[in-house]
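What's in run_15.cif: mmCIF, C-alpha atoms
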```cif
data_model
#
loop_
_atom_site.label_atom_id
_atom_site.label_comp_id
_atom_site.auth_asym_id
_atom_site.auth_seq_id
_atom_site.Cartn_x
_atom_site.Cartn_y
_atom_site.Cartn_z
CA MET A 1 10.90 16.91 16.57
CA GLY A 2 11.66 14.39 13.81
CA PRO A 3 9.30 13.23 11.05
CA THR A 4 6.43 10.80 11.56
CA VAL A 5 5.73 7.98 9.12
CA ASP A 6 3.47 4.96 8.82
CA LEU A 7 4.79 1.49 8.02
CA VAL A 8 2.42 -0.67 5.97
CA ALA A 9 2.65 -4.20 4.60
CA ASP A 10 0.47 -6.20 2.22
CA LEU A 11 -1.07 -8.95 4.33
CA GLY A 12 -3.58 -11.77 4.04
CA GLU A 13 -2.21 -12.72 0.62
CA GLY A 14 -2.66 -16.46 0.88
CA PHE A 15 -5.53 -18.51 -0.48
CA GLY A 16 -7.01 -21.65 1.02
CA ALA A 17 -4.17 -23.90 2.17
CA TYR A 18 -1.55 -21.66 0.53
CA SER A 19 0.20 -18.87 2.40
CA MET A 20 2.53 -16.07 1.35
CA GLY A 21 4.80 -14.20 3.73
CA ASP A 22 4.96 -14.26 7.52
CA ASP A 23 2.02 -12.07 8.47
CA ALA A 24 2.37 -12.69 12.20
CA ALA A 25 5.96 -11.45 12.22
CA LEU A 26 5.21 -8.44 10.02
CA LEU A 27 2.35 -7.43 12.32
CA GLU A 28 4.96 -6.92 15.02
CA VAL A 29 6.67 -4.29 12.83
CA VAL A 30 3.98 -2.37 10.95
CA SER A 31 1.48 0.24 12.04
CA SER A 32 -0.96 -0.37 9.15
CA ALA A 33 -1.97 -3.30 6.94
CA ASN A 34 -3.17 -3.57 3.35
CA ILE A 35 -5.42 -6.63 3.48
CA ALA A 36 -6.16 -8.63 0.32
CA CYS A 37 -9.88 -8.74 -0.42
CA GLY A 38 -10.20 -11.94 -2.44
CA PHE A 39 -9.56 -10.86 -6.03
CA HIS A 40 -5.77 -11.30 -6.20
CA ALA A 41 -5.41 -13.25 -2.95
CA GLY A 42 -7.24 -13.83 0.30
CA ASP A 43 -10.44 -15.68 1.13
CA PRO A 44 -13.09 -15.29 3.86
CA ASP A 45 -11.13 -17.29 6.45
CA ILE A 46 -7.88 -15.46 5.77
CA MET A 47 -9.57 -12.04 5.79
CA SER A 48 -11.24 -12.79 9.11
CA ALA A 49 -8.03 -14.09 10.69
CA THR A 50 -5.98 -11.13 9.43
CA VAL A 51 -8.50 -8.57 10.67
CA THR A 52 -8.63 -10.35 14.03
CA GLU A 53 -4.85 -10.06 14.44
CA CYS A 54 -4.83 -6.42 13.34
CA VAL A 55 -7.45 -5.58 15.95
CA ARG A 56 -5.61 -7.52 18.65
CA ARG A 57 -2.32 -5.77 17.91
CA GLY A 58 -3.70 -2.29 17.27
CA VAL A 59 -2.67 -2.26 13.60
CA SER A 60 -4.73 0.02 11.34
CA ILE A 61 -6.79 -1.82 8.69
CA GLY A 62 -6.79 -0.99 4.99
CA ALA A 63 -8.45 -2.58 1.95
CA HIS A 64 -6.17 -3.79 -0.85
CA PRO A 65 -8.45 -4.23 -3.88
CA SER A 66 -7.15 -5.62 -7.14
CA PHE A 67 -8.04 -6.61 -10.65
CA PRO A 68 -9.94 -9.95 -10.61
CA ASP A 69 -6.73 -11.84 -11.36
CA LEU A 70 -6.26 -14.56 -8.78
CA ARG A 71 -4.06 -16.66 -11.02
CA GLY A 72 -1.74 -13.74 -11.84
CA PHE A 73 -1.74 -12.28 -8.31
CA GLY A 74 -3.25 -9.05 -9.63
CA ARG A 75 -0.09 -8.15 -11.51
CA ARG A 76 -1.50 -8.43 -15.04
CA ALA A 77 -3.31 -5.65 -16.90
CA MET A 78 -6.96 -6.35 -17.71
CA ASP A 79 -9.15 -4.63 -20.27
CA LEU A 80 -11.75 -3.38 -17.79
CA THR A 81 -13.93 -0.31 -18.11
CA ALA A 82 -13.77 2.41 -15.47
CA ASP A 83 -17.24 1.34 -14.25
CA GLU A 84 -16.00 -2.22 -13.81
CA VAL A 85 -13.00 -0.98 -11.83
CA ARG A 86 -15.25 1.09 -9.58
CA ASN A 87 -17.63 -1.81 -8.98
CA ASP A 88 -14.80 -4.25 -8.31
CA VAL A 89 -13.34 -1.86 -5.72
CA LEU A 90 -16.73 -1.43 -4.05
CA TYR A 91 -17.27 -5.20 -3.97
CA GLN A 92 -13.90 -5.91 -2.37
CA PHE A 93 -14.11 -3.05 0.10
CA GLY A 94 -17.55 -4.24 1.15
CA ALA A 95 -16.24 -7.74 1.86
CA LEU A 96 -13.41 -6.54 4.07
CA SER A 97 -15.63 -3.97 5.79
CA ALA A 98 -17.99 -6.74 6.88
CA PHE A 99 -15.16 -8.58 8.63
CA ALA A 100 -13.89 -5.36 10.20
CA SER A 101 -17.37 -4.50 11.51
CA TYR A 102 -17.81 -7.99 12.91
CA HIS A 103 -14.57 -7.59 14.85
CA GLY A 104 -15.47 -4.10 16.08
CA ALA A 105 -13.14 -2.18 13.78
CA ASP A 106 -13.21 0.08 10.73
CA VAL A 107 -11.41 0.00 7.40
CA VAL A 108 -9.32 3.17 7.61
CA HIS A 109 -7.70 3.30 4.19
CA LEU A 110 -7.90 2.07 0.61
CA ALA A 111 -4.79 1.02 -1.33
CA PRO A 112 -5.15 -0.44 -4.86
CA HIS A 113 -2.93 -3.47 -5.43
CA GLY A 114 -0.53 -4.53 -8.15
CA ARG A 115 -1.26 -3.59 -11.74
CA LEU A 116 -4.37 -1.67 -10.72
CA GLY A 117 -2.24 0.30 -8.27
CA ASN A 118 0.19 1.15 -11.08
CA LEU A 119 -2.49 2.14 -13.57
CA VAL A 120 -4.45 4.44 -11.25
CA ALA A 121 -1.31 6.57 -11.04
CA THR A 122 -1.37 7.21 -14.80
CA ARG A 123 -4.92 6.54 -16.08
CA PRO A 124 -7.38 9.35 -15.24
CA ASP A 125 -10.45 7.18 -15.87
CA TYR A 126 -9.33 4.48 -13.43
CA ALA A 127 -8.22 7.10 -10.91
CA GLU A 128 -11.60 8.83 -11.07
CA ALA A 129 -13.39 5.50 -10.64
CA VAL A 130 -11.44 4.56 -7.51
CA ALA A 131 -11.69 8.05 -6.03
CA ASP A 132 -15.46 8.13 -6.67
CA ALA A 133 -15.84 4.78 -4.92
CA ALA A 134 -13.82 5.96 -1.93
CA ALA A 135 -15.67 9.27 -1.62
CA ARG A 136 -19.07 7.58 -1.70
CA ILE A 137 -18.00 4.94 0.81
CA ASN A 138 -16.64 7.36 3.40
CA PRO A 139 -15.47 10.98 2.97
CA ASP A 140 -12.87 10.34 5.67
CA LEU A 141 -11.45 7.23 4.00
CA ILE A 142 -7.70 7.63 3.45
CA VAL A 143 -6.56 6.85 -0.09
CA LEU A 144 -3.05 5.43 -0.35
CA ALA A 145 -1.39 6.21 -3.66
CA GLN A 146 1.80 7.18 -5.40
CA ASP A 147 2.01 10.75 -6.63
CA GLY A 148 -0.12 10.82 -9.76
CA GLU A 149 -3.68 10.65 -11.05
CA LEU A 150 -5.28 8.83 -8.09
CA ALA A 151 -3.69 11.13 -5.53
CA ASP A 152 -4.94 14.13 -7.51
CA ALA A 153 -8.44 12.70 -8.01
CA ALA A 154 -8.77 11.87 -4.31
CA ALA A 155 -7.51 15.29 -3.24
CA ALA A 156 -9.99 16.95 -5.61
CA ARG A 157 -12.76 15.17 -3.68
CA ARG A 158 -11.23 16.36 -0.39
CA LEU A 159 -10.38 12.82 0.62
CA PRO A 160 -7.33 12.42 2.86
CA VAL A 161 -4.40 11.14 0.80
CA GLY A 162 -1.39 9.19 2.03
CA ILE A 163 1.54 9.12 -0.38
CA VAL A 164 3.26 5.73 -0.52
CA GLY A 165 7.03 5.37 -0.68
CA ILE A 166 8.29 2.01 -1.96
CA ALA A 167 11.95 1.66 -1.10
CA ASP A 168 12.52 -1.74 -2.71
CA ARG A 169 11.20 -0.69 -6.13
CA ALA A 170 13.06 1.34 -8.74
CA TYR A 171 11.51 4.65 -9.78
CA GLU A 172 11.41 6.26 -13.20
CA ALA A 173 12.24 9.96 -13.47
CA ASP A 174 8.51 10.75 -13.78
CA GLY A 175 7.77 9.11 -10.41
CA THR A 176 6.23 5.90 -11.76
CA LEU A 177 7.63 2.51 -10.83
CA VAL A 178 9.90 0.62 -13.19
CA PRO A 179 7.83 -2.32 -14.54
CA ARG A 180 8.64 -5.66 -12.90
CA SER A 181 9.39 -7.07 -16.36
CA ARG A 182 12.54 -4.94 -16.55
CA PRO A 183 15.83 -5.90 -14.85
CA GLY A 184 16.47 -3.96 -11.65
CA ALA A 185 12.80 -3.15 -11.06
CA VAL A 186 12.97 -4.77 -7.61
CA ILE A 187 15.85 -3.87 -5.30
CA HIS A 188 17.11 -6.71 -3.11
CA ASP A 189 20.13 -5.32 -1.26
CA PRO A 190 19.02 -4.64 2.36
CA SER A 191 21.46 -1.80 3.00
CA THR A 192 20.34 -0.02 -0.19
CA ILE A 193 16.68 -0.40 0.77
CA VAL A 194 17.32 0.93 4.27
CA ASP A 195 19.30 3.90 2.95
CA ARG A 196 16.59 4.71 0.39
CA THR A 197 13.90 4.54 3.08
CA ILE A 198 15.70 6.90 5.45
CA ARG A 199 16.41 9.32 2.62
CA MET A 200 12.76 9.28 1.52
CA VAL A 201 11.47 9.97 5.00
CA CYS A 202 14.14 12.35 6.30
CA GLU A 203 15.20 14.19 3.11
CA GLY A 204 12.14 13.79 0.88
CA LEU A 205 14.21 12.41 -2.00
CA ILE A 206 14.69 9.11 -3.83
CA GLU A 207 17.18 8.30 -6.56
CA THR A 208 15.65 7.27 -9.89
CA VAL A 209 17.02 4.80 -12.42
CA SER A 210 18.35 7.73 -14.44
CA GLY A 211 20.47 8.80 -11.47
CA THR A 212 18.46 11.93 -10.70
CA ASP A 213 16.85 12.71 -7.36
CA LEU A 214 13.06 12.69 -7.30
CA PRO A 215 11.24 14.73 -4.61
CA ILE A 216 8.84 12.52 -2.65
CA ILE A 217 6.71 13.07 0.42
CA ALA A 218 6.27 9.62 1.90
CA ASP A 219 3.47 9.41 4.46
CA THR A 220 3.78 5.63 4.57
CA ILE A 221 6.52 3.17 3.64
CA LEU A 222 5.41 -0.07 1.98
CA LEU A 223 7.20 -3.14 3.30
CA HIS A 224 6.78 -6.13 0.99
CA GLY A 225 6.34 -9.42 2.81
CA ASP A 226 6.65 -11.83 -0.12
CA THR A 227 10.40 -11.58 -0.75
CA PRO A 228 13.25 -13.58 0.85
CA GLY A 229 14.35 -12.08 4.17
CA ALA A 230 11.33 -9.75 4.21
CA VAL A 231 10.69 -9.88 7.94
CA GLN A 232 14.31 -9.28 8.91
CA LEU A 233 14.45 -6.39 6.43
CA ALA A 234 11.23 -4.88 7.79
CA ARG A 235 12.63 -4.98 11.32
CA GLN A 236 15.86 -3.39 10.12
CA VAL A 237 13.98 -0.61 8.34
CA ARG A 238 11.97 0.19 11.46
CA THR A 239 15.03 0.10 13.71
CA GLU A 240 17.04 2.42 11.47
CA LEU A 241 14.15 4.85 11.03
CA GLU A 242 13.70 5.11 14.78
CA ARG A 243 17.46 5.51 15.20
CA ALA A 244 17.25 8.44 12.76
CA GLY A 245 14.64 10.12 14.99
CA VAL A 246 11.57 9.06 13.00
CA THR A 247 8.33 8.29 14.87
CA ILE A 248 6.33 5.29 13.59
CA ALA A 249 2.57 5.86 13.79
CA PRO A 250 -0.66 4.83 12.02
CA LEU A 251 -1.78 6.82 9.00
CA THR A 252 -4.39 8.86 10.85
CA GLN A 253 -1.71 10.20 13.19
CA VAL A 254 0.76 10.81 10.35
CA LEU A 255 -1.74 12.84 8.34
CA ALA A 256 -2.93 14.74 11.42
CA ALA A 257 0.69 15.71 12.20
CA LYS A 258 1.13 16.79 8.57
CA VAL A 259 -1.92 19.07 8.74
CA LYS A 260 -0.78 20.52 12.05
CA ALA A 261 2.70 21.25 10.68
CA ALA A 262 1.19 23.00 7.65
#
```

Can the structure from this file be put into structure tokens for me?
Amino acid sequence: MGPTVDLVADLGEGFGAYSMGDDAALLEVVSSANIACGFHAGDPDIMSATVTECVRRGVSIGAHPSFPDLRGFGRRAMDLTADEVRNDVLYQFGALSAFASYHGADVVHLAPHGRLGNLVATRPDYAEAVADAAARINPDLIVLAQDGELADAAAARRLPVGIVGIADRAYEADGTLVPRSRPGAVIHDPSTIVDRTIRMVCEGLIETVSGTDLPIIADTILLHGDTPGAVQLARQVRTELERAGVTIAPLTQVLAAKVKAA
């Protein structure tokens, strides 16, 4: 039997009259959704509408908390304390949880967004803050993270951890992402992205910017929806994964299969 993997996209990232990406089309492809919670994007109407569509389509719901950086789309570093990070995550998770409860659903996972998502991989204080928040919210809450400090902090609290593979981003040799400020940080060639995805899932390897292969266990593949041709690429990734014998399933099923195999 081939590997099982989740496909997740960042959704609900508009604000007011502004929209970003084709959420409706991506919801036809993914098995899970990272939903913006209002700090980098999203508002009450968008959160409600996105949760409604996830419930209708059977897509698993995840919170996508960020630094309070609406103008910078959560991609700028902010000089916050660990306590502020924890409280911001709790605040955003609480907002999305209310909409999920109203629509008869649960928030299944937590996935920090943007610069916060990068920093929790390398900053122990931020990682501990986010893991503490998750553990207090729900001991069964899945934490999505790259290999690094947050994954370790969550595992230490016996939280389920889903490792994220990001096929359209360049990796450093240490497993961190190449900063967006550097040329080549974002990969645009569809065939390269598809090949990298299949290799991550089927071989457990991804090529770094230094040309070396980095071992990676990808429980979920992040499909970005805010780039040109994103929907077509997402469909192509899913088609080629299934052609390679990969089963697409929500995170809970992926992690359950992983435990069973172990």

Would you write out, as a short mmCIF file (atom, residue, chain, number, x, y, z; two decimals) with C-alpha atoms, in the frame of the given file, every residue that the PyMOL selection byres ((chain A and resi 192-209) around 6) captures in this file?
```
data_model
loop_
_atom_site.label_atom_id
_atom_site.label_comp_id
_atom_site.auth_asym_id
_atom_site.auth_seq_id
_atom_site.Cartn_x
_atom_site.Cartn_y
_atom_site.Cartn_z
CA ALA A 167 11.95 1.66 -1.10
CA ASP A 168 12.52 -1.74 -2.71
CA TYR A 171 11.51 4.65 -9.78
CA GLU A 172 11.41 6.26 -13.20
CA ALA A 173 12.24 9.96 -13.47
CA ASP A 189 20.13 -5.32 -1.26
CA PRO A 190 19.02 -4.64 2.36
CA SER A 191 21.46 -1.80 3.00
CA SER A 210 18.35 7.73 -14.44
CA GLY A 211 20.47 8.80 -11.47
CA THR A 212 18.46 11.93 -10.70
CA ASP A 213 16.85 12.71 -7.36
CA LEU A 214 13.06 12.69 -7.30
CA PRO A 215 11.24 14.73 -4.61
CA ILE A 216 8.84 12.52 -2.65
CA ILE A 217 6.71 13.07 0.42
CA VAL A 237 13.98 -0.61 8.34
#
```

Sort by chain and increasing residue number a table of all residues of region 2-39 of chain A within 8 Å of region 62-79 of chain A, each with its closest pair of atoms and their distance in Å to one decimal, counting all atoms listed in the file, and write it as a Markdown table.
```
| residue | atom | partner | partner_atom | distance |
| --- | --- | --- | --- | --- |
| A:Asp10 | CA | A:His64 | CA | 7.7 |
| A:Ser32 | CA | A:Gly62 | CA | 7.2 |
| A:Ala33 | CA | A:Gly62 | CA | 5.7 |
| A:Asn34 | CA | A:Gly62 | CA | 4.7 |
| A:Ile35 | CA | A:His64 | CA | 5.2 |
| A:Ala36 | CA | A:His64 | CA | 5.0 |
| A:Cys37 | CA | A:Pro65 | CA | 5.9 |
| A:Gly38 | CA | A:Leu70 | CA | 7.9 |
| A:Phe39 | CA | A:Pro68 | CA | 4.7 |
```

Open item on the list: I need the output of the PyMOL selection byres ((chain A and resi 88) around 12) for this file as a VMD selection string; which residues are they?
Closed with: chain A and resid 37 to 40 64 to 69 80 to 87 89 to 95 112 116 126 129 to 130 133

- [ ] Would you please work out which residue, of A:Pro124, A:Gly21, A:Gly58, A:Gly114, is nearest to Ala151 (chain A) when using only C-alpha atoms?
- [x] A:Pro124

TODO: Apply the PyMOL selection byres ((chain A and resi 232) around 12) to the file shown and report the selected residues as a PyMOL selection string.
DONE: chain A and resi 21-22+25-26+28-29+190-191+194+223-225+227-231+233-239

Report, as lines of an AutoDock Vina configuration file, the centre and edge lengths in Å (one decimal) of the axis-aligned box enclosing every listed atom of region 66-82 of chain A, padded by 3 Å on each side.
```
center_x = -7.0
center_y = -7.1
center_z = -13.7
size_x = 19.8
size_y = 25.1
size_z = 19.1
```

Could region 241-252 of chain A be completed with all heavy atoms and written as a compact mmCIF listing (two decimals), in the coordinates of the input, please?
```txt
# COMPACT_ATOMS: atom_id res chain seq x y z
N LEU A 241 14.98 3.63 11.04
CA LEU A 241 14.15 4.85 11.03
C LEU A 241 14.06 5.45 12.42
O LEU A 241 14.24 6.66 12.60
CB LEU A 241 12.75 4.52 10.50
CG LEU A 241 12.59 4.37 9.00
CD1 LEU A 241 11.19 3.84 8.67
CD2 LEU A 241 12.83 5.69 8.27
N GLU A 242 13.81 4.61 13.41
CA GLU A 242 13.70 5.11 14.78
C GLU A 242 15.05 5.66 15.26
O GLU A 242 15.09 6.68 15.98
CB GLU A 242 13.19 4.00 15.70
CG GLU A 242 11.73 3.65 15.42
CD GLU A 242 11.23 2.48 16.24
OE1 GLU A 242 12.05 1.61 16.63
OE2 GLU A 242 10.02 2.43 16.49
N ARG A 243 16.13 5.02 14.84
CA ARG A 243 17.46 5.51 15.20
C ARG A 243 17.71 6.89 14.58
O ARG A 243 18.45 7.71 15.14
CB ARG A 243 18.51 4.51 14.74
CG ARG A 243 19.92 4.83 15.19
CD ARG A 243 20.85 3.67 14.87
NE ARG A 243 20.52 2.50 15.67
CZ ARG A 243 20.93 1.26 15.41
NH1 ARG A 243 21.68 1.03 14.34
NH2 ARG A 243 20.59 0.26 16.19
N ALA A 244 17.09 7.15 13.43
CA ALA A 244 17.25 8.44 12.76
C ALA A 244 16.29 9.50 13.30
O ALA A 244 16.22 10.61 12.78
CB ALA A 244 17.03 8.28 11.26
N GLY A 245 15.54 9.16 14.36
CA GLY A 245 14.64 10.12 14.99
C GLY A 245 13.24 10.15 14.41
O GLY A 245 12.47 11.09 14.67
N VAL A 246 12.89 9.12 13.62
CA VAL A 246 11.57 9.06 13.00
C VAL A 246 10.60 8.35 13.95
O VAL A 246 10.92 7.31 14.52
CB VAL A 246 11.62 8.32 11.66
CG1 VAL A 246 10.24 8.20 11.05
CG2 VAL A 246 12.58 9.03 10.70
N THR A 247 9.39 8.90 14.08
CA THR A 247 8.33 8.29 14.87
C THR A 247 7.46 7.43 13.96
O THR A 247 7.03 7.90 12.90
CB THR A 247 7.46 9.35 15.56
OG1 THR A 247 8.28 10.14 16.43
CG2 THR A 247 6.33 8.71 16.35
N ILE A 248 7.20 6.18 14.35
CA ILE A 248 6.33 5.29 13.59
C ILE A 248 4.93 5.38 14.17
O ILE A 248 4.74 5.20 15.37
CB ILE A 248 6.83 3.83 13.64
CG1 ILE A 248 8.32 3.75 13.27
CG2 ILE A 248 5.98 2.96 12.74
CD1 ILE A 248 8.66 4.25 11.90
N ALA A 249 3.95 5.68 13.31
CA ALA A 249 2.57 5.86 13.79
C ALA A 249 1.60 5.48 12.68
O ALA A 249 1.95 5.52 11.50
CB ALA A 249 2.35 7.30 14.22
N PRO A 250 0.34 5.13 13.05
CA PRO A 250 -0.66 4.83 12.02
C PRO A 250 -0.96 6.05 11.14
O PRO A 250 -0.67 7.19 11.51
CB PRO A 250 -1.90 4.44 12.84
CG PRO A 250 -1.37 4.04 14.18
CD PRO A 250 -0.18 4.91 14.41
N LEU A 251 -1.53 5.77 10.00
CA LEU A 251 -1.78 6.82 9.00
C LEU A 251 -2.57 8.01 9.53
O LEU A 251 -2.27 9.16 9.19
CB LEU A 251 -2.54 6.22 7.82
CG LEU A 251 -1.70 5.61 6.71
CD1 LEU A 251 -2.57 4.78 5.79
CD2 LEU A 251 -0.97 6.68 5.94
N THR A 252 -3.58 7.75 10.34
CA THR A 252 -4.39 8.86 10.85
C THR A 252 -3.53 9.84 11.63
O THR A 252 -3.69 11.05 11.50
CB THR A 252 -5.53 8.34 11.74
OG1 THR A 252 -5.00 7.43 12.73
CG2 THR A 252 -6.58 7.61 10.92
```
